[in-house]
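Dumped entry17.cif below, it's mmCIF, C-alpha atoms:
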data_final
#
loop_
_atom_site.label_atom_id
_atom_site.label_comp_id
_atom_site.auth_asym_id
_atom_site.auth_seq_id
_atom_site.Cartn_x
_atom_site.Cartn_y
_atom_site.Cartn_z
CA MET A 1 -270.39 56.99 -61.51
CA THR A 2 -273.72 56.21 -63.10
CA GLU A 3 -274.97 52.67 -62.86
CA ILE A 4 -275.44 52.16 -66.58
CA GLU A 5 -274.80 48.72 -68.01
CA LYS A 6 -273.02 48.33 -71.29
CA LYS A 7 -271.81 45.19 -72.97
CA LEU A 8 -268.46 46.14 -74.31
CA GLY A 9 -266.87 44.43 -77.29
CA ARG A 10 -263.14 44.94 -77.42
CA PHE A 11 -261.30 43.92 -80.52
CA TYR A 12 -257.71 43.25 -81.39
CA CYS A 13 -256.74 42.58 -84.96
CA MET A 14 -253.57 41.74 -86.80
CA ASN A 15 -253.05 43.36 -90.18
CA ASN A 16 -250.31 42.91 -92.73
CA THR A 17 -248.45 45.80 -94.25
CA LYS A 18 -246.96 45.18 -97.66
CA ASN A 19 -244.05 42.78 -97.59
CA LYS A 20 -240.54 43.56 -98.60
CA ASN A 21 -239.81 41.34 -101.56
CA ILE A 22 -237.01 40.65 -103.95
CA ASN A 23 -237.38 42.33 -107.34
CA PHE A 24 -235.18 41.13 -110.14
CA TYR A 25 -233.39 43.59 -112.41
CA GLU A 26 -231.00 43.02 -115.24
CA ASN A 27 -227.77 43.98 -113.50
CA SER A 28 -228.65 43.92 -109.82
CA LEU A 29 -231.33 42.99 -107.33
CA TYR A 30 -233.06 45.50 -105.09
CA MET A 31 -234.99 44.67 -101.97
CA LEU A 32 -237.42 47.54 -101.51
CA ARG A 33 -237.71 49.02 -98.03
CA LYS A 34 -241.41 49.74 -98.41
CA TYR A 35 -242.11 46.02 -98.58
CA GLN A 36 -240.69 45.21 -95.15
CA PRO A 37 -242.67 42.22 -93.83
CA LEU A 38 -244.13 43.46 -90.57
CA LEU A 39 -247.14 42.28 -88.64
CA VAL A 40 -249.16 45.09 -87.16
CA GLY A 41 -252.00 44.60 -84.73
CA SER A 42 -254.40 47.28 -83.60
CA PHE A 43 -257.46 47.57 -81.43
CA LEU A 44 -260.08 50.01 -80.30
CA ILE A 45 -263.03 49.74 -77.94
CA PHE A 46 -266.33 49.09 -79.67
CA SER A 47 -269.55 49.26 -77.66
CA LEU A 48 -272.38 46.81 -78.24
CA LEU A 49 -275.34 48.47 -76.55
CA ILE A 50 -278.23 46.32 -75.39
CA ALA A 51 -281.45 48.34 -75.25
CA ASN A 52 -283.38 48.48 -71.97
CA VAL A 53 -280.87 46.37 -70.08
CA SER A 54 -279.08 47.85 -67.11
CA LEU A 55 -277.11 46.85 -64.08
CA SER A 56 -279.74 46.64 -61.39
CA PHE A 57 -279.83 45.97 -57.68
CA ALA A 58 -280.46 42.30 -57.02
CA SER A 59 -282.91 41.07 -54.43
CA ASN A 60 -282.00 37.41 -54.95
CA PRO A 61 -278.52 35.98 -55.29
CA ILE A 62 -277.64 34.07 -58.44
CA SER A 63 -275.53 30.95 -58.65
CA THR A 64 -271.81 31.01 -59.20
CA VAL A 65 -270.35 30.22 -62.60
CA ASN A 66 -269.74 26.66 -63.66
CA ASN A 67 -266.70 26.66 -65.96
CA ASN A 68 -266.84 22.90 -66.60
CA ASP A 69 -268.53 23.20 -69.97
CA SER A 70 -268.49 19.94 -71.90
CA LEU A 71 -266.21 19.42 -74.86
CA ASP A 72 -269.28 18.91 -77.02
CA THR A 73 -270.67 22.31 -76.03
CA MET A 74 -267.35 23.99 -76.73
CA GLN A 75 -266.99 22.30 -80.10
CA ALA A 76 -270.54 23.32 -81.01
CA LEU A 77 -269.66 26.95 -80.25
CA LYS A 78 -266.51 26.73 -82.36
CA ASN A 79 -268.45 25.15 -85.21
CA PHE A 80 -270.94 28.01 -85.01
CA GLY A 81 -268.10 30.55 -85.07
CA LEU A 82 -266.57 28.83 -88.10
CA ALA A 83 -269.95 28.82 -89.85
CA LYS A 84 -270.35 32.58 -89.33
CA ILE A 85 -266.86 33.21 -90.73
CA ASN A 86 -267.55 31.04 -93.78
CA GLU A 87 -270.93 32.69 -94.34
CA ASP A 88 -269.18 36.04 -94.61
CA ARG A 89 -266.50 34.61 -96.89
CA ALA A 90 -269.14 33.02 -99.14
CA LYS A 91 -270.86 36.40 -99.55
CA HIS A 92 -267.59 37.69 -101.03
CA GLY A 93 -266.97 34.70 -103.27
CA LEU A 94 -264.19 33.25 -101.10
CA SER A 95 -263.56 29.60 -100.36
CA PRO A 96 -264.51 28.32 -96.89
CA LEU A 97 -261.94 27.84 -94.17
CA VAL A 98 -261.23 24.55 -92.43
CA GLN A 99 -261.14 24.44 -88.64
CA SER A 100 -257.56 23.91 -87.53
CA ASN A 101 -256.68 21.62 -84.65
CA ASN A 102 -253.90 23.88 -83.38
CA THR A 103 -254.58 24.59 -79.70
CA ALA A 104 -252.76 27.92 -79.33
CA ALA A 105 -255.96 29.94 -79.81
CA GLN A 106 -257.75 28.02 -77.03
CA ILE A 107 -254.76 28.32 -74.67
CA HIS A 108 -254.77 32.07 -75.30
CA ALA A 109 -258.53 32.38 -74.80
CA ASN A 110 -258.37 30.51 -71.49
CA GLU A 111 -255.75 32.95 -70.26
CA LEU A 112 -257.74 36.00 -71.38
CA LEU A 113 -260.71 34.73 -69.38
CA GLN A 114 -258.40 34.50 -66.38
CA THR A 115 -256.94 38.01 -66.74
CA LYS A 116 -259.94 39.72 -68.40
CA THR A 117 -257.30 41.91 -70.05
CA ILE A 118 -257.28 41.70 -73.84
CA SER A 119 -253.77 41.36 -75.21
CA HIS A 120 -252.06 39.64 -78.10
CA MET A 121 -249.39 38.57 -75.61
CA THR A 122 -249.67 35.76 -73.12
CA MET A 123 -248.76 36.37 -69.49
CA ASP A 124 -245.42 34.68 -70.18
CA GLY A 125 -244.68 37.15 -72.98
CA PHE A 126 -245.41 34.95 -76.00
CA LYS A 127 -246.67 36.66 -79.16
CA PRO A 128 -249.28 34.80 -81.27
CA TYR A 129 -246.82 33.31 -83.76
CA MET A 130 -244.57 32.13 -80.93
CA LEU A 131 -247.44 30.40 -79.15
CA TYR A 132 -248.58 28.93 -82.45
CA SER A 133 -245.13 27.40 -83.06
CA LEU A 134 -244.94 26.20 -79.46
CA TYR A 135 -248.09 24.14 -80.08
CA ASN A 136 -246.65 22.67 -83.30
CA GLY A 137 -248.19 25.11 -85.77
CA THR A 138 -246.58 24.95 -89.22
CA GLY A 139 -248.58 27.57 -91.11
CA TYR A 140 -248.62 31.34 -90.89
CA VAL A 141 -250.98 32.91 -88.38
CA GLN A 142 -252.88 36.23 -88.19
CA GLN A 143 -254.98 36.93 -85.11
CA ASN A 144 -258.33 38.55 -84.32
CA ILE A 145 -259.53 38.83 -80.71
CA GLY A 146 -262.91 40.04 -79.47
CA GLN A 147 -264.53 40.21 -76.07
CA ILE A 148 -267.90 41.05 -74.58
CA SER A 149 -268.11 42.03 -70.93
CA TYR A 150 -269.98 44.27 -68.53
CA VAL A 151 -268.60 47.72 -67.83
CA LEU A 152 -269.65 50.86 -66.01
CA SER A 153 -269.44 54.26 -67.65
CA ASN A 154 -268.86 57.56 -65.87
CA ASP A 155 -270.75 59.43 -68.61
CA GLY A 156 -267.47 60.06 -70.36
CA GLN A 157 -265.12 57.98 -72.43
CA ASN A 158 -263.69 56.09 -69.49
CA TYR A 159 -264.94 52.57 -68.89
CA TYR A 160 -264.55 50.45 -65.80
CA LYS A 161 -264.71 46.69 -65.60
CA ALA A 162 -267.90 45.61 -63.91
CA SER A 163 -267.90 41.87 -64.54
CA ASP A 164 -266.72 41.24 -60.97
CA LEU A 165 -269.60 43.34 -59.67
CA CYS A 166 -271.98 40.87 -61.27
CA TYR A 167 -271.00 38.44 -58.51
CA ASP A 168 -271.88 40.96 -55.80
CA PHE A 169 -275.34 39.56 -55.18
CA LYS A 170 -276.26 42.25 -52.68
CA ARG A 171 -275.72 45.10 -55.14
CA PHE A 172 -275.94 44.10 -58.78
CA TYR A 173 -277.71 41.74 -61.10
CA CYS A 174 -276.36 41.11 -64.60
CA PRO A 175 -278.15 39.18 -67.33
CA VAL A 176 -276.14 36.12 -68.34
CA ILE A 177 -274.31 36.47 -71.67
CA ASP A 178 -275.66 34.19 -74.41
CA GLN A 179 -272.60 32.58 -76.04
CA TYR A 180 -274.14 32.07 -79.49
CA LYS A 181 -275.41 35.63 -79.58
CA ALA A 182 -271.96 36.84 -78.46
CA ILE A 183 -270.30 35.02 -81.37
CA ASN A 184 -272.87 36.38 -83.80
CA ASP A 185 -272.56 39.96 -82.49
CA LEU A 186 -268.76 39.96 -82.54
CA GLU A 187 -268.63 38.54 -86.07
CA TYR A 188 -271.20 41.08 -87.27
CA SER A 189 -269.26 43.97 -85.73
CA MET A 190 -265.95 42.81 -87.18
CA MET A 191 -267.53 42.65 -90.62
CA ASN A 192 -269.81 45.69 -90.55
CA ASN A 193 -268.59 48.14 -87.90
CA ASP A 194 -264.85 47.72 -88.20
CA GLU A 195 -263.77 50.68 -90.32
CA ALA A 196 -264.16 53.38 -87.67
CA CYS A 197 -262.44 51.44 -84.91
CA CYS A 198 -259.87 49.35 -86.73
CA ASN A 199 -259.54 50.42 -90.35
CA ASN A 200 -261.28 47.18 -91.36
CA GLY A 201 -258.42 45.11 -89.98
CA HIS A 202 -260.67 42.36 -88.62
CA LYS A 203 -262.78 42.30 -91.75
CA ASN A 204 -259.74 42.07 -94.01
CA ASN A 205 -258.40 39.22 -91.93
CA ILE A 206 -261.68 37.31 -92.19
CA LEU A 207 -261.79 37.92 -95.96
CA ASN A 208 -258.13 37.22 -96.74
CA LYS A 209 -258.23 35.01 -99.82
CA PHE A 210 -254.98 33.27 -98.91
CA HIS A 211 -256.21 31.96 -95.56
CA THR A 212 -256.98 28.25 -95.58
CA HIS A 213 -257.70 27.40 -91.91
CA VAL A 214 -258.75 29.07 -88.67
CA SER A 215 -258.20 27.85 -85.13
CA ILE A 216 -260.78 29.23 -82.73
CA GLY A 217 -260.42 29.69 -78.99
CA ILE A 218 -263.48 30.45 -76.87
CA ALA A 219 -263.62 31.03 -73.12
CA PHE A 220 -266.40 32.47 -70.99
CA ASN A 221 -268.25 32.61 -67.74
CA LYS A 222 -271.72 34.03 -67.18
CA TYR A 223 -270.60 37.66 -67.50
CA TYR A 224 -267.52 37.59 -69.72
CA PHE A 225 -266.96 36.15 -73.19
CA VAL A 226 -263.80 36.13 -75.32
CA VAL A 227 -263.01 34.64 -78.73
CA VAL A 228 -259.59 34.25 -80.35
CA GLN A 229 -259.47 33.66 -84.10
CA ASN A 230 -256.08 32.50 -85.41
CA PHE A 231 -256.34 32.59 -89.20
CA GLU A 232 -253.78 30.38 -90.91
CA ASN A 233 -252.07 30.18 -94.28
CA HIS A 234 -251.54 26.44 -94.44
CA TYR A 235 -249.84 25.48 -97.70
CA LEU A 236 -247.06 23.12 -96.67
CA SER A 237 -247.48 19.36 -96.43
CA SER A 238 -247.75 17.64 -93.07
CA ASP A 239 -244.34 16.00 -93.52
CA LEU A 240 -242.66 19.41 -93.33
CA LYS A 241 -239.13 19.23 -91.91
CA ILE A 242 -237.31 22.14 -90.32
CA LEU A 243 -233.91 20.97 -89.10
CA LYS A 244 -231.12 22.81 -87.33
CA ASN A 245 -227.62 21.50 -87.92
CA ASN A 246 -225.07 23.67 -86.12
CA GLU A 247 -225.40 27.04 -87.89
CA ASP A 248 -227.34 25.58 -90.81
CA ILE A 249 -231.12 25.46 -91.14
CA ILE A 250 -232.70 22.97 -93.52
CA LEU A 251 -236.26 23.30 -94.79
CA GLU A 252 -237.85 20.39 -96.65
CA ALA A 253 -241.52 20.46 -97.62
CA LYS A 254 -244.03 20.26 -100.41
CA ILE A 255 -246.46 23.02 -101.35
CA ASN A 256 -250.09 21.94 -101.27
CA ASP A 257 -252.82 23.57 -103.37
CA GLN A 258 -250.25 24.48 -105.98
CA ASN A 259 -252.78 24.60 -108.81
CA LYS A 260 -254.82 27.32 -107.10
CA PHE A 261 -252.20 30.06 -106.70
CA ASN A 262 -249.12 28.65 -108.44
CA PHE A 263 -246.85 29.60 -105.56
CA VAL A 264 -243.09 29.77 -105.90
CA ILE A 265 -240.80 30.55 -102.95
CA ASN A 266 -239.49 34.13 -103.13
CA HIS A 267 -237.39 34.65 -100.01
CA VAL A 268 -236.98 33.73 -96.34
CA SER A 269 -236.79 36.30 -93.55
CA PHE A 270 -235.45 35.96 -90.01
CA PHE A 271 -236.56 38.14 -87.10
CA LEU A 272 -235.26 38.56 -83.57
CA ASP A 273 -237.52 39.17 -80.56
CA GLU A 274 -236.78 39.64 -76.91
CA PHE A 275 -237.01 36.37 -75.02
CA PRO A 276 -240.59 35.98 -73.70
CA THR A 277 -240.90 36.91 -70.03
CA LYS A 278 -243.62 38.01 -67.65
CA LEU A 279 -241.87 41.37 -67.47
CA ASN A 280 -242.26 41.78 -71.25
CA TYR A 281 -245.96 41.03 -70.84
CA GLU A 282 -246.35 43.67 -68.14
CA LYS A 283 -244.56 46.23 -70.31
CA ASN A 284 -246.41 45.47 -73.55
CA ARG A 285 -249.78 43.92 -72.68
CA ASP A 286 -251.73 47.13 -73.34
CA LYS A 287 -250.11 47.89 -76.68
CA ASN A 288 -252.52 47.89 -79.59
CA SER A 289 -250.02 46.29 -81.94
CA TYR A 290 -247.42 43.57 -82.25
CA ASP A 291 -244.85 42.68 -84.86
CA PHE A 292 -242.19 40.11 -85.64
CA GLY A 293 -239.48 42.04 -83.85
CA ASP A 294 -236.38 43.16 -85.73
CA LEU A 295 -235.76 42.00 -89.27
CA LYS A 296 -232.14 40.81 -89.29
CA LEU A 297 -231.70 38.54 -92.25
CA MET A 298 -233.19 37.86 -95.70
CA ILE A 299 -232.24 34.84 -97.75
CA SER A 300 -232.84 34.14 -101.43
CA LYS A 301 -231.62 31.84 -104.15
CA PRO A 302 -227.98 31.94 -105.25
CA LEU A 303 -227.29 34.37 -108.09
CA PRO A 304 -225.13 34.17 -111.19
CA SER A 305 -221.69 35.67 -110.69
CA ASP A 306 -222.62 38.85 -112.58
CA LEU A 307 -225.54 39.68 -110.28
CA GLN A 308 -225.68 40.88 -106.69
CA TYR A 309 -228.19 41.93 -104.07
CA ILE A 310 -228.27 45.64 -103.30
CA GLN A 311 -230.08 47.06 -100.29
CA GLU A 312 -231.98 50.24 -100.92
CA LYS A 313 -230.53 53.29 -99.16
CA LYS A 314 -227.75 51.14 -97.70
CA ASP A 315 -229.97 49.92 -94.88
CA ASP A 316 -227.64 47.96 -92.60
CA SER A 317 -230.26 46.87 -90.06
CA TYR A 318 -230.53 43.53 -91.89
CA LYS A 319 -228.38 41.48 -94.24
CA ILE A 320 -229.19 39.80 -97.54
CA ILE A 321 -227.44 36.50 -98.11
CA GLU A 322 -227.71 33.67 -100.61
CA ALA A 323 -228.92 30.22 -99.67
CA LYS A 324 -226.48 27.30 -99.67
CA LYS A 325 -229.16 25.22 -101.37
CA TRP A 326 -232.24 26.42 -103.26
CA ASP A 327 -234.06 23.54 -104.96
CA LEU A 328 -237.67 24.25 -105.93
CA SER A 329 -238.29 21.45 -108.40
CA LYS A 330 -242.01 21.02 -109.10
CA ASN A 331 -243.90 21.53 -105.83
CA ASN A 332 -240.99 20.49 -103.63
CA ILE A 333 -239.05 22.84 -101.38
CA ASP A 334 -235.49 21.88 -100.43
CA LEU A 335 -233.62 24.82 -98.92
CA GLU A 336 -230.54 25.17 -96.76
CA PHE A 337 -229.21 28.35 -95.15
CA GLN A 338 -226.14 29.11 -93.09
CA LEU A 339 -226.76 31.85 -90.57
CA PRO A 340 -223.86 34.31 -90.29
CA ASP A 341 -221.73 34.48 -87.14
CA THR A 342 -222.71 38.14 -86.80
CA LEU A 343 -226.33 37.19 -86.03
CA ASN A 344 -226.41 37.47 -82.23
CA THR A 345 -229.25 35.32 -80.90
CA LYS A 346 -228.23 35.43 -77.22
CA ASN A 347 -231.31 35.91 -75.01
CA LYS A 348 -233.39 36.31 -78.19
CA ILE A 349 -236.09 34.40 -80.01
CA LEU A 350 -235.46 33.68 -83.69
CA THR A 351 -238.43 33.42 -86.05
CA MET A 352 -238.26 32.32 -89.67
CA VAL A 353 -240.93 33.39 -92.19
CA VAL A 354 -241.10 31.92 -95.69
CA TYR A 355 -242.62 34.13 -98.38
CA ALA A 356 -244.02 32.79 -101.64
CA GLN A 357 -244.86 34.67 -104.81
CA THR A 358 -248.03 33.77 -106.65
CA LEU A 359 -247.61 33.67 -110.38
CA GLU A 360 -251.05 35.17 -110.86
CA ASP A 361 -250.98 38.79 -111.94
CA ASN A 362 -253.04 41.26 -109.93
CA PRO A 363 -254.01 44.84 -110.74
CA VAL A 364 -252.44 47.52 -108.58
CA ASP A 365 -255.83 49.20 -108.30
CA ASN A 366 -259.19 49.16 -110.02
CA GLN A 367 -258.32 52.15 -112.19
CA ASP A 368 -255.18 50.61 -113.66
CA LYS A 369 -256.07 47.21 -115.08
CA ASN A 370 -253.01 47.22 -117.31
CA HIS A 371 -250.50 47.65 -114.48
CA LEU A 372 -250.17 44.24 -112.87
CA ILE A 373 -247.97 43.11 -110.00
CA PRO A 374 -247.42 39.71 -108.40
CA GLU A 375 -248.59 39.03 -104.86
CA TYR A 376 -246.31 37.91 -102.04
CA VAL A 377 -247.75 35.61 -99.41
CA PRO A 378 -246.25 34.33 -96.12
CA ILE A 379 -246.87 30.58 -96.14
CA THR A 380 -245.18 29.50 -92.92
CA SER A 381 -243.52 30.87 -89.82
CA TYR A 382 -241.44 28.96 -87.32
CA THR A 383 -240.03 30.15 -84.02
CA PHE A 384 -236.79 28.64 -82.69
CA PHE A 385 -236.93 28.65 -78.90
CA ASN A 386 -233.51 27.15 -78.24
CA TYR A 387 -231.36 28.45 -81.05
#

Kindly present the structure from the file in structure tokens form.
Amino acid sequence: MTEIEKKLGRFYCMNNTKNKNINFYENSLYMLRKYQPLLVGSFLIFSLLIANVSLSFASNPISTVNNNDSLDTMQALKNFGLAKINEDRAKHGLSPLVQSNNTAAQIHANELLQTKTISHMTMDGFKPYMLYSLYNGTGYVQQNIGQISYVLSNDGQNYYKASDLCYDFKRFYCPVIDQYKAINDLEYSMMNNDEACCNNGHKNNILNKFHTHVSIGIAFNKYYFVVVQNFENHYLSSDLKILKNNEDIILEAKINDQNKFNFVINHVSFFLDEFPTKLNYEKNRDKNSYDFGDLKLMISKPLPSDLQYIQEKKDDSYKIIEAKKWDLSKNNIDLEFQLPDTLNTKNKILTMVVYAQTLEDNPVDNQDKNHLIPEYVPITSYTFFNY
């Protein structure tokens, strides 16, 4: 093994495929399979090479890491990270994001520093949207993760963690990672070097026009740095109510920022995941993607008696049912659903995602300005842990 130092930036991103939405026809309603609302995350290793810097034998020991960084220092780093994100959004004519106070991103970052193993899952098996709900998140979250650490290369494509070797004072000396430079380098790579590794997943997440907030988690020691960016679609008022009454679920809220996108609720989807466990983490921690689990139920407004919902290709993996109550007067949302007895939630986690349709028309592509389609946007997700 050659003693060559590399600072390695590893990235995870969460990308949206197109969502399955409800399309209205004269005599029936089709829910197109190609619009299934899945979350897909992917990652690849991206190397950030620092010229003329190498792991070297140390003649003098260096001090151990002090992890008791002040809250002011941490907030300054997060503010800097937010500023870099908003700089990139401004270059593309997008509105700036507000820093969210949801703590899930920081909890996740702290754990990644502990394990030094990049994963969308926590060690207890929670996916990002589960952790977000656990810490009282009421928006919809999409996650980017990046890390910078020391590795050793064997002149091939295999990399070995070397951060622990940095503490071996008799053998190696490692330059201390500059946190501000790490944030700047990771943001630059996500924006400018993301196509080859991640099909521009990180970049698209940063530049998503529907995002309103971002919660940032940062954790580091002298030789390892990780950032978690939880981008949020935050369109529901703070007095949001999600109530469970026996088999009924009641959603009461008000849509904020209505004048910007003219949202109207399109449908509600329910997904089932395996219950989070440490075993699930061990089985799935190295996967380069995550999703909402299995789509089991889609709910929309009640139809006139002469209309019905028809599932394309008779897909029986999920059911389409009508809501008991579907009141969308002005900006208010007042919905009630009764989950069917056939929905088996034993030892499962149930997640609800609410999809809105913007009334703005958008071209399918740049060559077809006359062919316009509406956009469908997830505006909240909520995980039921004790359903």

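Counting all atoms listed in the file, region 315-326 of chain A has the following residues at most 8 Å away, ignoring those fewer than 2 positions along the same chain: Leu295, Lys296, Leu297, Met298, Ile299, Ser300, Lys301, Pro302, Leu303, Tyr309, Gln311, Glu312, Lys313, Leu328, Ile333, Asp334, Leu335, Glu336, Phe337 and Gln338 of chain A.
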
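Between CA of Leu279 (chain A) and CA of Thr345 (chain A) there is a distance of 19.4 Å.
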
Residues matched by the PyMOL selection byres ((chain A and resi 179) around 12) as a PyMOL selection string: chain A and resi 69+73-74+76-78+80-81+147-149+176-178+180-186+218-227

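The space between CA of Asp294 (chain A) and CA of Leu350 (chain A) spans 9.7 Å.
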
Residues matched by the PyMOL selection byres ((chain A and resi 104-110) around 6), written as a PyMOL selection string: chain A and resi 102-103+111-113+131-132+216-219+228

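Put simply, CA of Thr117 (chain A) is 18.1 Å away from CA of Pro276 (chain A).
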
Polymer residues at most 12 Å from Lys209 (chain A), all atoms listed in the file, same-chain spacing of 5 or more positions, as a PyMOL selection string: chain A and resi 86+89-90+92-97+203-204+231-233+260-261+375+377

Protein/DNA/RNA residues near (-227.2, 25.5, -88.9), cut 12 Å, only C-alpha atoms, as JSON, numbers by chain: {"A": [242, 243, 244, 245, 246, 247, 248, 249, 250, 251, 323, 324, 335, 336, 337, 338, 339, 340, 341, 384, 387]}

Nearby residues (only C-alpha atoms) at most 7 Å from Tyr355 (chain A), same-chain spacing under 2 positions excluded, as a PyMOL selection string: chain A and resi 265-268+353+357+376-379

Non-local contacts of Met121 (chain A) (7 Å; only C-alpha atoms; under 3 positions in same chain excluded) as a VMD selection string: chain A and resid 125 to 128 281 285

Taking the file as shown, what set of residues would the PyMOL selection byres ((chain A and resi 254) around 6) give back, as an mmCIF file with C-alpha atoms, in the coordinates of the input?
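Wrote it out as selection05.cif, contents follow:
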data_model
loop_
_atom_site.group_PDB
_atom_site.id
_atom_site.type_symbol
_atom_site.label_atom_id
_atom_site.label_comp_id
_atom_site.auth_asym_id
_atom_site.auth_seq_id
_atom_site.Cartn_x
_atom_site.Cartn_y
_atom_site.Cartn_z
ATOM 1 C CA LEU A 236 -247.060 23.120 -96.670
ATOM 2 C CA SER A 237 -247.480 19.360 -96.430
ATOM 3 C CA ALA A 253 -241.520 20.460 -97.620
ATOM 4 C CA ILE A 255 -246.460 23.020 -101.350
ATOM 5 C CA ASN A 331 -243.900 21.530 -105.830
ATOM 6 C CA ASN A 332 -240.990 20.490 -103.630
ATOM 7 C CA ILE A 333 -239.050 22.840 -101.380
#

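When all atoms listed in the file are used to measure the gap to Met191 (chain A), the shortest distance among A:Thr212, A:Asn344, A:Asn205, A:Gln308 belongs to A:Asn205.
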
Nearest to Leu272 (chain A) by atom-to-atom distance, counting all atoms listed in the file, from A:Leu165, A:Val151, A:Met352, A:Ile145: A:Met352
